[in-house]
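Novice: This is the content of run_3.tsv (TSV, C-alpha atoms):
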```
chain	number	residue	atom	x	y	z
A	16	MET	CA	92.14	13.05	-44.43
A	17	SER	CA	92.47	12.49	-40.67
A	18	GLN	CA	90.29	10.01	-38.82
A	19	LEU	CA	88.64	12.87	-36.93
A	20	GLN	CA	87.72	14.73	-40.12
A	21	LEU	CA	86.41	11.54	-41.71
A	22	ALA	CA	84.44	10.69	-38.57
A	23	ILE	CA	82.84	14.15	-38.45
A	24	LEU	CA	81.71	13.99	-42.08
A	25	LEU	CA	80.43	10.42	-41.84
A	26	GLY	CA	78.86	11.12	-38.45
A	27	MET	CA	76.93	14.03	-39.97
A	28	THR	CA	75.73	11.65	-42.68
A	29	VAL	CA	74.67	8.89	-40.29
A	30	ALA	CA	72.86	11.54	-38.21
A	31	LEU	CA	70.32	11.89	-41.02
A	32	GLY	CA	68.70	8.61	-39.96
A	33	PRO	CA	68.15	9.50	-36.27
A	34	LEU	CA	66.87	12.94	-37.25
A	35	ALA	CA	64.26	11.37	-39.55
A	36	LEU	CA	63.30	8.91	-36.79
A	37	ASP	CA	63.27	11.10	-33.70
A	38	ALA	CA	62.66	14.73	-34.67
A	39	TYR	CA	58.94	14.24	-35.26
A	40	LEU	CA	58.22	12.03	-32.23
A	41	PRO	CA	56.91	14.97	-30.13
A	42	ALA	CA	54.57	15.83	-33.03
A	43	PHE	CA	52.77	12.45	-32.97
A	44	PRO	CA	49.74	13.83	-31.07
A	45	ASP	CA	49.50	16.86	-33.42
A	46	ILE	CA	49.84	14.73	-36.55
A	47	ALA	CA	47.20	12.31	-35.24
A	48	ASN	CA	44.75	15.14	-34.56
A	49	ILE	CA	45.29	16.85	-37.93
A	50	LEU	CA	45.09	13.63	-39.98
A	51	GLY	CA	42.22	12.23	-37.92
A	52	VAL	CA	44.01	9.06	-36.78
A	53	THR	CA	45.40	7.64	-33.52
A	54	PRO	CA	49.01	8.14	-32.31
A	55	ASN	CA	49.57	4.40	-32.84
A	56	ASP	CA	48.56	4.85	-36.50
A	57	VAL	CA	51.13	7.64	-36.82
A	58	GLY	CA	53.67	5.15	-35.46
A	59	LEU	CA	53.25	3.23	-38.71
A	60	THR	CA	55.00	6.11	-40.53
A	61	LEU	CA	58.05	5.35	-38.41
A	62	SER	CA	57.83	1.60	-39.01
A	63	ILE	CA	57.48	1.93	-42.80
A	64	TYR	CA	60.43	4.32	-42.90
A	65	VAL	CA	62.59	1.87	-40.96
A	66	ALA	CA	61.49	-1.08	-43.14
A	67	ALA	CA	62.34	0.83	-46.33
A	68	LEU	CA	65.59	1.96	-44.75
A	69	GLY	CA	66.49	-1.70	-44.41
A	70	LEU	CA	65.25	-3.31	-47.61
A	71	ALA	CA	66.53	-0.61	-49.95
A	72	GLN	CA	70.06	-1.16	-48.63
A	73	LEU	CA	70.03	-4.52	-50.40
A	74	VAL	CA	69.98	-2.54	-53.66
A	75	GLY	CA	72.17	0.37	-52.60
A	76	GLY	CA	75.01	-1.77	-51.21
A	77	PRO	CA	75.90	-3.72	-54.36
A	78	LEU	CA	75.37	-0.60	-56.49
A	79	SER	CA	77.85	1.30	-54.33
A	80	ASP	CA	80.38	-1.52	-54.81
A	81	ARG	CA	79.93	-1.32	-58.57
A	82	TYR	CA	79.47	2.41	-59.24
A	83	GLY	CA	81.25	3.96	-56.28
A	84	ARG	CA	80.19	5.49	-52.97
A	85	ARG	CA	79.76	9.07	-54.27
A	86	VAL	CA	77.00	8.38	-56.81
A	87	ILE	CA	74.91	6.29	-54.42
A	88	LEU	CA	75.34	8.56	-51.40
A	89	LEU	CA	74.52	11.81	-53.21
A	90	GLY	CA	71.65	10.16	-55.06
A	91	GLY	CA	70.22	8.97	-51.77
A	92	LEU	CA	70.38	12.48	-50.33
A	93	PHE	CA	68.45	13.83	-53.33
A	94	VAL	CA	65.66	11.24	-52.98
A	95	PHE	CA	65.51	11.81	-49.21
A	96	ALA	CA	65.18	15.58	-49.58
A	97	ILE	CA	62.42	15.40	-52.21
A	98	ALA	CA	60.46	12.84	-50.16
A	99	ALA	CA	60.76	14.98	-47.01
A	100	LEU	CA	59.31	17.94	-48.88
A	101	MET	CA	56.38	15.79	-50.01
A	102	VAL	CA	55.76	14.44	-46.49
A	103	ALA	CA	55.39	18.04	-45.34
A	104	GLN	CA	52.59	18.44	-47.90
A	105	SER	CA	50.70	15.27	-46.92
A	106	ASP	CA	46.99	15.61	-46.20
A	107	SER	CA	46.30	11.99	-45.18
A	108	LEU	CA	47.98	9.13	-43.38
A	109	ASN	CA	48.21	7.03	-46.55
A	110	GLU	CA	49.92	9.85	-48.42
A	111	MET	CA	52.35	10.32	-45.58
A	112	LEU	CA	53.11	6.59	-45.53
A	113	VAL	CA	53.94	6.59	-49.26
A	114	TRP	CA	56.40	9.46	-49.01
A	115	ARG	CA	57.96	8.10	-45.83
A	116	LEU	CA	58.58	4.94	-47.85
A	117	PHE	CA	60.51	6.93	-50.46
A	118	GLN	CA	62.29	8.86	-47.74
A	119	GLY	CA	63.43	5.54	-46.28
A	120	ILE	CA	64.78	4.46	-49.69
A	121	GLY	CA	66.84	7.64	-49.96
A	122	GLY	CA	68.03	7.24	-46.38
A	123	ALA	CA	69.03	3.62	-47.10
A	124	PHE	CA	71.38	4.64	-49.90
A	125	CYS	CA	73.02	7.08	-47.48
A	126	ALA	CA	73.14	4.64	-44.56
A	127	VAL	CA	74.74	1.80	-46.51
A	128	SER	CA	77.48	4.05	-47.88
A	129	VAL	CA	78.93	5.04	-44.50
A	130	PRO	CA	80.09	1.62	-43.18
A	131	ALA	CA	81.27	0.76	-46.70
A	132	ILE	CA	83.46	3.88	-46.77
A	133	VAL	CA	84.89	2.96	-43.37
A	134	ARG	CA	85.64	-0.60	-44.52
A	135	ASP	CA	87.33	0.79	-47.65
A	136	GLN	CA	89.86	2.59	-45.47
A	137	PHE	CA	90.21	0.57	-42.24
A	138	SER	CA	89.77	-2.90	-40.70
A	139	GLY	CA	89.89	-4.64	-37.33
A	140	VAL	CA	90.34	-2.53	-34.20
A	141	GLU	CA	90.89	0.63	-36.27
A	142	ALA	CA	87.52	0.14	-37.92
A	143	ALA	CA	85.85	-0.46	-34.54
A	144	ARG	CA	87.42	2.71	-33.13
A	145	LEU	CA	86.34	4.75	-36.15
A	146	PHE	CA	82.80	3.33	-35.96
A	147	GLY	CA	82.81	4.34	-32.31
A	148	LEU	CA	83.98	7.88	-33.10
A	149	ILE	CA	81.35	8.22	-35.83
A	150	GLY	CA	78.73	7.02	-33.38
A	151	LEU	CA	79.88	9.50	-30.74
A	152	ILE	CA	79.50	12.40	-33.19
A	153	MET	CA	76.24	11.00	-34.56
A	154	PHE	CA	74.72	10.83	-31.07
A	155	ILE	CA	74.30	14.60	-31.13
A	156	ALA	CA	71.46	14.18	-33.64
A	157	PRO	CA	69.13	11.87	-31.67
A	158	ALA	CA	69.88	13.77	-28.48
A	159	ALA	CA	68.87	17.06	-30.06
A	160	ALA	CA	66.17	15.73	-32.42
A	161	PRO	CA	63.15	15.67	-30.04
A	162	SER	CA	64.10	19.08	-28.61
A	163	LEU	CA	64.49	20.41	-32.13
A	164	GLY	CA	61.07	18.99	-32.97
A	165	VAL	CA	59.54	20.67	-29.91
A	166	LEU	CA	61.18	23.98	-30.89
A	167	LEU	CA	59.84	23.78	-34.44
A	168	LEU	CA	56.39	22.92	-33.12
A	169	ALA	CA	56.52	25.99	-30.88
A	170	PHE	CA	57.02	28.27	-33.88
A	171	GLY	CA	55.04	26.37	-36.50
A	172	ALA	CA	53.15	23.20	-37.40
A	173	TRP	CA	54.52	19.65	-37.78
A	174	PRO	CA	55.42	20.05	-41.53
A	175	ALA	CA	58.24	22.38	-40.46
A	176	ILE	CA	60.08	19.34	-39.08
A	177	PHE	CA	60.19	17.67	-42.50
A	178	LEU	CA	61.15	20.91	-44.22
A	179	MET	CA	64.12	21.01	-41.83
A	180	LEU	CA	65.04	17.43	-42.81
A	181	ALA	CA	64.96	18.35	-46.50
A	182	GLY	CA	67.22	21.33	-45.85
A	183	TYR	CA	69.68	19.24	-43.86
A	184	ALA	CA	69.91	16.65	-46.66
A	185	ALA	CA	70.64	19.40	-49.21
A	186	PHE	CA	73.29	20.86	-46.90
A	187	LEU	CA	74.91	17.44	-46.48
A	188	ALA	CA	75.11	16.92	-50.25
A	189	VAL	CA	77.09	20.14	-50.67
A	190	VAL	CA	79.41	19.47	-47.72
A	191	LEU	CA	80.16	15.87	-48.74
A	192	GLN	CA	80.89	16.85	-52.32
A	193	LEU	CA	83.28	19.64	-51.28
A	194	ARG	CA	84.94	18.11	-48.21
A	195	LEU	CA	84.69	14.32	-48.44
A	196	PHE	CA	84.75	13.09	-52.00
A	197	ARG	CA	87.40	15.56	-53.16
A	198	GLN	CA	89.84	14.28	-50.51
A	199	LEU	CA	88.84	10.65	-49.99
A	200	PRO	CA	90.84	8.11	-52.05
A	201	PRO	CA	88.36	6.65	-54.55
A	202	LYS	CA	87.17	3.07	-54.05
A	203	LYS	CA	87.90	0.92	-57.07
A	204	PRO	CA	84.46	-0.25	-58.27
A	205	VAL	CA	83.67	-3.95	-58.52
A	206	THR	CA	83.60	-4.68	-62.25
A	207	THR	CA	81.57	-7.88	-62.07
A	208	PRO	CA	78.25	-8.25	-63.91
A	209	ILE	CA	75.07	-7.14	-62.16
A	210	SER	CA	74.01	-10.77	-61.74
A	211	THR	CA	77.25	-11.53	-59.90
A	212	LEU	CA	76.65	-8.60	-57.56
A	213	VAL	CA	73.42	-10.31	-56.56
A	214	THR	CA	75.06	-13.69	-55.99
A	215	ASN	CA	77.74	-12.02	-53.86
A	216	TYR	CA	75.13	-11.93	-51.12
A	217	LEU	CA	75.55	-15.70	-50.90
A	218	LEU	CA	79.16	-15.16	-49.78
A	219	VAL	CA	77.93	-13.15	-46.83
A	220	LEU	CA	74.95	-15.39	-46.07
A	221	ARG	CA	77.18	-18.49	-45.99
A	222	HIS	CA	79.58	-16.88	-43.55
A	223	GLY	CA	78.34	-18.12	-40.19
A	224	VAL	CA	80.35	-15.74	-38.00
A	225	THR	CA	79.35	-12.67	-39.98
A	226	MET	CA	75.67	-13.64	-39.95
A	227	ARG	CA	75.84	-14.19	-36.19
A	228	PHE	CA	76.99	-10.59	-35.70
A	229	ILE	CA	74.44	-9.27	-38.19
A	230	ILE	CA	71.46	-10.96	-36.52
A	231	LEU	CA	72.77	-10.08	-33.06
A	232	GLN	CA	72.92	-6.38	-33.95
A	233	ALA	CA	69.50	-6.53	-35.59
A	234	LEU	CA	67.94	-7.94	-32.40
A	235	CYS	CA	69.59	-5.34	-30.16
A	236	PHE	CA	68.48	-2.58	-32.52
A	237	SER	CA	64.97	-4.04	-32.52
A	238	ALA	CA	64.78	-3.73	-28.74
A	239	MET	CA	65.81	-0.08	-28.98
A	240	LEU	CA	63.44	0.69	-31.86
A	241	VAL	CA	60.49	-0.79	-29.96
A	242	PHE	CA	61.21	1.79	-27.29
A	243	ILE	CA	61.64	4.63	-29.82
A	244	THR	CA	58.40	3.74	-31.60
A	245	ASN	CA	56.48	3.74	-28.33
A	246	ALA	CA	58.42	6.50	-26.53
A	247	SER	CA	55.69	9.09	-27.06
A	248	PHE	CA	53.05	6.67	-25.74
A	249	ILE	CA	55.18	5.65	-22.74
A	250	TYR	CA	56.12	9.11	-21.55
A	251	GLN	CA	53.34	11.37	-22.85
A	252	ASP	CA	50.28	9.11	-22.76
A	253	TRP	CA	51.03	6.46	-20.13
A	254	PHE	CA	52.82	8.72	-17.62
A	255	GLY	CA	51.30	12.02	-18.82
A	256	LEU	CA	54.60	13.91	-19.09
A	257	SER	CA	55.03	17.20	-20.95
A	258	ASN	CA	56.82	17.68	-24.27
A	259	ALA	CA	59.79	19.22	-22.48
A	260	MET	CA	60.10	16.32	-20.02
A	261	PHE	CA	59.74	13.83	-22.87
A	262	SER	CA	62.59	15.51	-24.76
A	263	ALA	CA	64.80	15.54	-21.65
A	264	LEU	CA	64.25	11.86	-20.90
A	265	PHE	CA	64.80	10.94	-24.52
A	266	ALA	CA	68.05	12.93	-24.61
A	267	ALA	CA	69.22	11.06	-21.50
A	268	ASN	CA	69.24	7.84	-23.52
A	269	ILE	CA	71.59	9.41	-26.05
A	270	VAL	CA	73.89	10.75	-23.34
A	271	ALA	CA	74.13	7.22	-21.93
A	272	MET	CA	74.99	5.81	-25.38
A	273	ALA	CA	77.67	8.48	-25.84
A	274	CYS	CA	79.22	7.65	-22.45
A	275	LEU	CA	79.30	3.92	-23.22
A	276	ASN	CA	80.73	4.74	-26.64
A	277	LEU	CA	83.61	6.70	-25.08
A	278	PHE	CA	84.24	3.94	-22.55
A	279	ASN	CA	84.22	1.41	-25.39
A	280	ARG	CA	87.03	3.29	-27.17
A	281	TYR	CA	89.10	2.94	-24.00
A	282	LEU	CA	88.25	-0.74	-23.58
A	283	LEU	CA	89.34	-1.51	-27.16
A	284	ARG	CA	92.91	-0.78	-26.10
A	285	HIS	CA	92.82	-3.70	-23.68
A	286	PHE	CA	90.15	-6.18	-24.86
A	287	ALA	CA	88.99	-7.76	-28.09
A	288	ALA	CA	85.88	-6.22	-29.63
A	289	VAL	CA	84.07	-9.58	-29.36
A	290	VAL	CA	84.62	-9.74	-25.60
A	291	ILE	CA	83.29	-6.21	-25.08
A	292	LEU	CA	80.31	-7.01	-27.30
A	293	ARG	CA	79.45	-10.17	-25.37
A	294	VAL	CA	79.49	-8.40	-22.00
A	295	SER	CA	77.52	-5.39	-23.29
A	296	VAL	CA	74.73	-7.53	-24.75
A	297	ALA	CA	74.45	-9.57	-21.54
A	298	LEU	CA	74.25	-6.44	-19.38
A	299	GLN	CA	71.60	-4.96	-21.66
A	300	PHE	CA	69.50	-8.11	-21.23
A	301	ILE	CA	69.82	-7.94	-17.43
A	302	SER	CA	68.71	-4.30	-17.53
A	303	LEU	CA	65.63	-5.17	-19.57
A	304	LEU	CA	64.74	-8.00	-17.20
A	305	VAL	CA	64.78	-5.45	-14.38
A	306	LEU	CA	62.61	-3.15	-16.53
A	307	VAL	CA	60.02	-5.89	-17.04
A	308	ALA	CA	59.89	-6.51	-13.28
A	309	LEU	CA	59.50	-2.78	-12.53
A	310	VAL	CA	56.65	-2.32	-15.01
A	311	TRP	CA	54.93	-5.43	-13.64
A	312	ALA	CA	55.22	-3.96	-10.14
A	313	GLY	CA	53.87	-0.55	-11.21
A	314	ALA	CA	57.06	1.41	-10.43
A	315	PRO	CA	57.09	5.23	-10.83
A	316	TYR	CA	58.09	6.79	-14.15
A	317	TRP	CA	61.48	8.08	-12.97
A	318	LEU	CA	62.64	4.58	-12.00
A	319	ILE	CA	61.38	3.03	-15.25
A	320	ALA	CA	62.99	5.85	-17.25
A	321	ALA	CA	66.32	5.30	-15.46
A	322	ILE	CA	66.41	1.60	-16.39
A	323	ILE	CA	65.45	2.40	-20.00
A	324	VAL	CA	68.36	4.85	-20.15
A	325	ILE	CA	70.75	2.14	-18.92
A	326	ALA	CA	69.44	-0.50	-21.34
A	327	VAL	CA	69.47	1.78	-24.38
A	328	GLY	CA	72.86	3.17	-23.36
A	329	PHE	CA	74.56	-0.18	-23.99
A	330	MET	CA	73.92	0.34	-27.72
A	331	GLY	CA	76.89	2.72	-27.55
A	332	SER	CA	79.23	-0.24	-27.13
A	333	ILE	CA	77.21	-2.88	-28.95
A	334	VAL	CA	76.91	-1.26	-32.39
A	335	PRO	CA	80.55	-0.31	-33.18
A	336	ASN	CA	81.94	-3.68	-32.08
A	337	SER	CA	79.26	-5.67	-33.87
A	338	MET	CA	79.66	-3.70	-37.12
A	339	ALA	CA	83.45	-3.98	-37.13
A	340	ASN	CA	83.32	-7.75	-36.63
A	341	ALA	CA	80.54	-8.26	-39.18
A	342	LEU	CA	82.43	-6.39	-41.93
A	343	GLU	CA	85.89	-7.70	-41.08
A	344	PHE	CA	85.81	-10.59	-43.55
A	345	PHE	CA	84.76	-8.62	-46.64
A	346	PRO	CA	87.34	-5.99	-47.66
A	347	TYR	CA	86.25	-6.10	-51.31
A	348	LEU	CA	82.51	-6.34	-50.72
A	349	GLY	CA	82.08	-3.74	-48.00
A	350	GLY	CA	78.94	-2.31	-49.58
A	351	THR	CA	77.31	-5.72	-49.99
A	352	ALA	CA	78.11	-6.82	-46.43
A	353	ALA	CA	76.98	-3.46	-45.02
A	354	ALA	CA	73.78	-3.70	-47.05
A	355	LEU	CA	72.89	-7.11	-45.65
A	356	LEU	CA	73.64	-5.89	-42.14
A	357	GLY	CA	71.53	-2.77	-42.59
A	358	ALA	CA	68.71	-4.59	-44.36
A	359	THR	CA	68.49	-7.26	-41.68
A	360	GLN	CA	68.71	-4.70	-38.89
A	361	PHE	CA	66.10	-2.27	-40.16
A	362	THR	CA	63.71	-4.79	-41.71
A	363	LEU	CA	63.60	-6.98	-38.62
A	364	ALA	CA	63.40	-3.97	-36.33
A	365	GLY	CA	60.72	-2.34	-38.47
A	366	GLY	CA	58.56	-5.46	-38.35
A	367	ILE	CA	59.00	-5.92	-34.62
A	368	SER	CA	58.33	-2.24	-33.89
A	369	ALA	CA	55.14	-2.37	-35.99
A	370	PHE	CA	54.09	-5.48	-34.07
A	371	SER	CA	54.71	-3.62	-30.80
A	372	THR	CA	52.15	-0.95	-31.77
A	373	VAL	CA	49.54	-3.70	-32.08
A	374	ILE	CA	50.23	-5.64	-28.89
A	375	GLY	CA	51.07	-2.55	-26.87
A	376	GLU	CA	48.01	-0.47	-27.63
A	377	GLY	CA	46.95	0.95	-24.28
A	378	ALA	CA	49.42	-1.18	-22.26
A	379	LEU	CA	53.08	-0.82	-21.29
A	380	PHE	CA	53.96	-4.34	-20.11
A	381	PRO	CA	53.78	-6.07	-23.55
A	382	ILE	CA	56.13	-3.40	-24.96
A	383	VAL	CA	58.91	-3.92	-22.41
A	384	LEU	CA	58.43	-7.71	-22.53
A	385	LEU	CA	59.00	-7.64	-26.31
A	386	MET	CA	62.18	-5.60	-25.76
A	387	ALA	CA	63.44	-8.21	-23.28
A	388	ILE	CA	62.69	-11.10	-25.67
A	389	CYS	CA	64.72	-9.43	-28.44
A	390	SER	CA	67.60	-8.91	-26.00
A	391	LEU	CA	67.42	-12.54	-24.79
A	392	LEU	CA	67.87	-13.84	-28.35
A	393	ALA	CA	70.77	-11.43	-28.91
A	394	THR	CA	72.41	-12.64	-25.70
A	395	VAL	CA	72.24	-16.26	-26.85
A	396	LEU	CA	74.03	-15.29	-30.08
A	397	ALA	CA	76.60	-13.17	-28.23
A	398	LEU	CA	77.52	-15.92	-25.78
A	399	GLY	CA	78.12	-18.30	-28.69
A	400	ALA	CA	80.30	-15.86	-30.64
A	401	PRO	CA	84.00	-16.71	-31.14
A	402	ARG	CA	86.39	-15.22	-28.62
A	403	ALA	CA	88.36	-13.55	-31.42
A	404	VAL	CA	87.69	-12.82	-35.08
A	405	ARG	CA	90.54	-14.30	-37.11
A	406	ARG	CA	91.30	-12.47	-40.32
A	407	GLU	CA	92.74	-15.58	-41.97
A	408	ASN	CA	89.19	-16.40	-43.05
A	409	THR	CA	89.25	-13.31	-45.26
A	410	ARG	CA	91.59	-15.01	-47.70
A	411	ARG	CA	89.07	-17.79	-48.27
A	412	GLU	CA	86.31	-15.28	-48.97
A	413	VAL	CA	88.50	-13.32	-51.36
A	414	ALA	CA	89.32	-16.54	-53.19
A	415	GLU	CA	85.62	-17.32	-53.55
A	416	LEU	CA	85.03	-13.82	-54.89
A	417	ALA	CA	87.82	-14.31	-57.43
A	418	ASN	CA	86.24	-17.57	-58.59
A	419	ASN	CA	82.89	-15.80	-59.04
A	420	GLU	CA	84.55	-13.13	-61.16
```
Could I get this file's structure written as structure tokens?
Specialist:
Amino acid sequence: MSQLQLAILLGMTVALGPLALDAYLPAFPDIANILGVTPNDVGLTLSIYVAALGLAQLVGGPLSDRYGRRVILLGGLFVFAIAALMVAQSDSLNEMLVWRLFQGIGGAFCAVSVPAIVRDQFSGVEAARLFGLIGLIMFIAPAAAPSLGVLLLAFGAWPAIFLMLAGYAAFLAVVLQLRLFRQLPPKKPVTTPISTLVTNYLLVLRHGVTMRFIILQALCFSAMLVFITNASFIYQDWFGLSNAMFSALFAANIVAMACLNLFNRYLLRHFAAVVILRVSVALQFISLLVLVALVWAGAPYWLIAAIIVIAVGFMGSIVPNSMANALEFFPYLGGTAAALLGATQFTLAGGISAFSTVIGEGALFPIVLLMAICSLLATVLALGAPRAVRRENTRREVAELANNE
């Protein structure tokens, strides 16, 4: 299977997450009115999904190492689809929160499988380039998701969005079974006891360089998720923009990420992934500092939106380089390493985004300040990262794994 074919299939799979996050953002006011809650309360359904998306990866990653990627990925799609159907039937906020929790668990099993499959086949710069290509394809989903949500709202009520998500998950299961798993060389399962699969997390946790990249990515993702969680409030409530304008501005963020992603693929021919990562994180922090100053000064929405687009756009070069470096040292425990990365990223981001709904209720400045603080911490980690990731360390980790077995 060519890299392009693999990237398309895995990109379609990764797109499930952004669709579940972004497609129903324009429906927040409608959901709030129907369920009798505030838009900030509806934001909790996003936070609980993201938290489950992170924590459940800690289970799905080791299981995918032991039982194979196919069982975990297809099982995750099944759980996701059923939960989406139940969300569409929810009559209260609490009921919706429960099924969004299960939807996050199903999504976690899917999310953790993708980087593990990439690490099974590639490493180093090749892995970074493939992660970038997957991201480029995946960006179609978040760019189209709010517009798709607006379209579905125009022809029906908000449950139609979750019915669409269930249908997409079922479609993915069929496509992956027919096109991916029949052609992809099978990953030899880890035959260690279940208890050893749990202790394998210690190998990742003790690896200082890997944990630096994991926490760095989690902080950058947190800054972006704070914006996503509050995007409806920022554009529709604070600035009073229409659904169509909200969708257009949201799509602009994805276009910026796609452009930075393409530029990153070019830069990888000339620079180490760590160098590109360090510069990208620093520039994102500078952009968010400017955003804080603009909000403090009461700048117009178009100027604030432009800086948000720039800041969020740097995720297009941050994520592929960070993921490739974080997984580089664990060729035999790709699922476990990917699970810890995903769990840290989504759990931390979910908690911070939930916190942002509390401190940012009725105010924009605390939201952008929280984004800048997350980016500041990520910048500190990026500046202290090694100039190059040396694969010699992998041998030591493999030796430790052998001793555990």
Novice: Would you mind telling me which residue in A:Gly51, A:Pro174, A:Gly164, A:Gly182 lies nearest to Phe95 in chain A when using all atoms listed in the file?
Specialist: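 Checking each candidate against Phe95 in chain A, we get A:Gly182 as the closest.
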Novice: Could you name the residues that touch Met386 in chain A at 8 Å or less, counting only C-alpha atoms, but leaving out those on the same chain fewer than 6 positions away, as a VMD selection string?
Specialist: chain A and resid 237 to 239 241 to 242 303
Novice: Store the residues picked out above, limited to C-alpha atoms, as a tab-separated table (two decimals), in the coordinates of the input.
Specialist:
```
chain	number	residue	atom	x	y	z
A	237	SER	CA	64.97	-4.04	-32.52
A	238	ALA	CA	64.78	-3.73	-28.74
A	239	MET	CA	65.81	-0.08	-28.98
A	241	VAL	CA	60.49	-0.79	-29.96
A	242	PHE	CA	61.21	1.79	-27.29
A	303	LEU	CA	65.63	-5.17	-19.57
```
Novice: With all atoms listed in the file as the basis for distance, which of A:Met330, A:Leu116, A:Leu298, A:Ala160 is at the shortest distance from Met179 in chain A?
Specialist: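 The shortest atom-to-atom distance to Met179 in chain A comes from A:Ala160.
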Novice: So which one's closest to Val296 in chain A, A:Asn55, A:Ser128, A:Ser332, A:Thr394? Using only C-alpha atoms, please.
Specialist: A:Thr394
Novice: One decimal, Å: what's the distance from CA of Ile367 in chain A over to CA of Val113 in chain A, could you say?
Specialist: 19.9 Å
Novice: Go ahead and compute the interatomic distance for CA of Tyr250 in chain A and CA of Thr53 in chain A, in Å to one decimal.
Specialist: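 Those two atoms sit 16.1 Å apart.
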Novice: Using only C-alpha atoms, can you tell me which of A:Val165, A:Ala320, A:Ala143, A:Val189 comes closest to Ile333 in chain A?
Specialist: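 Of all the options, A:Ala143 lies closest to Ile333 in chain A.
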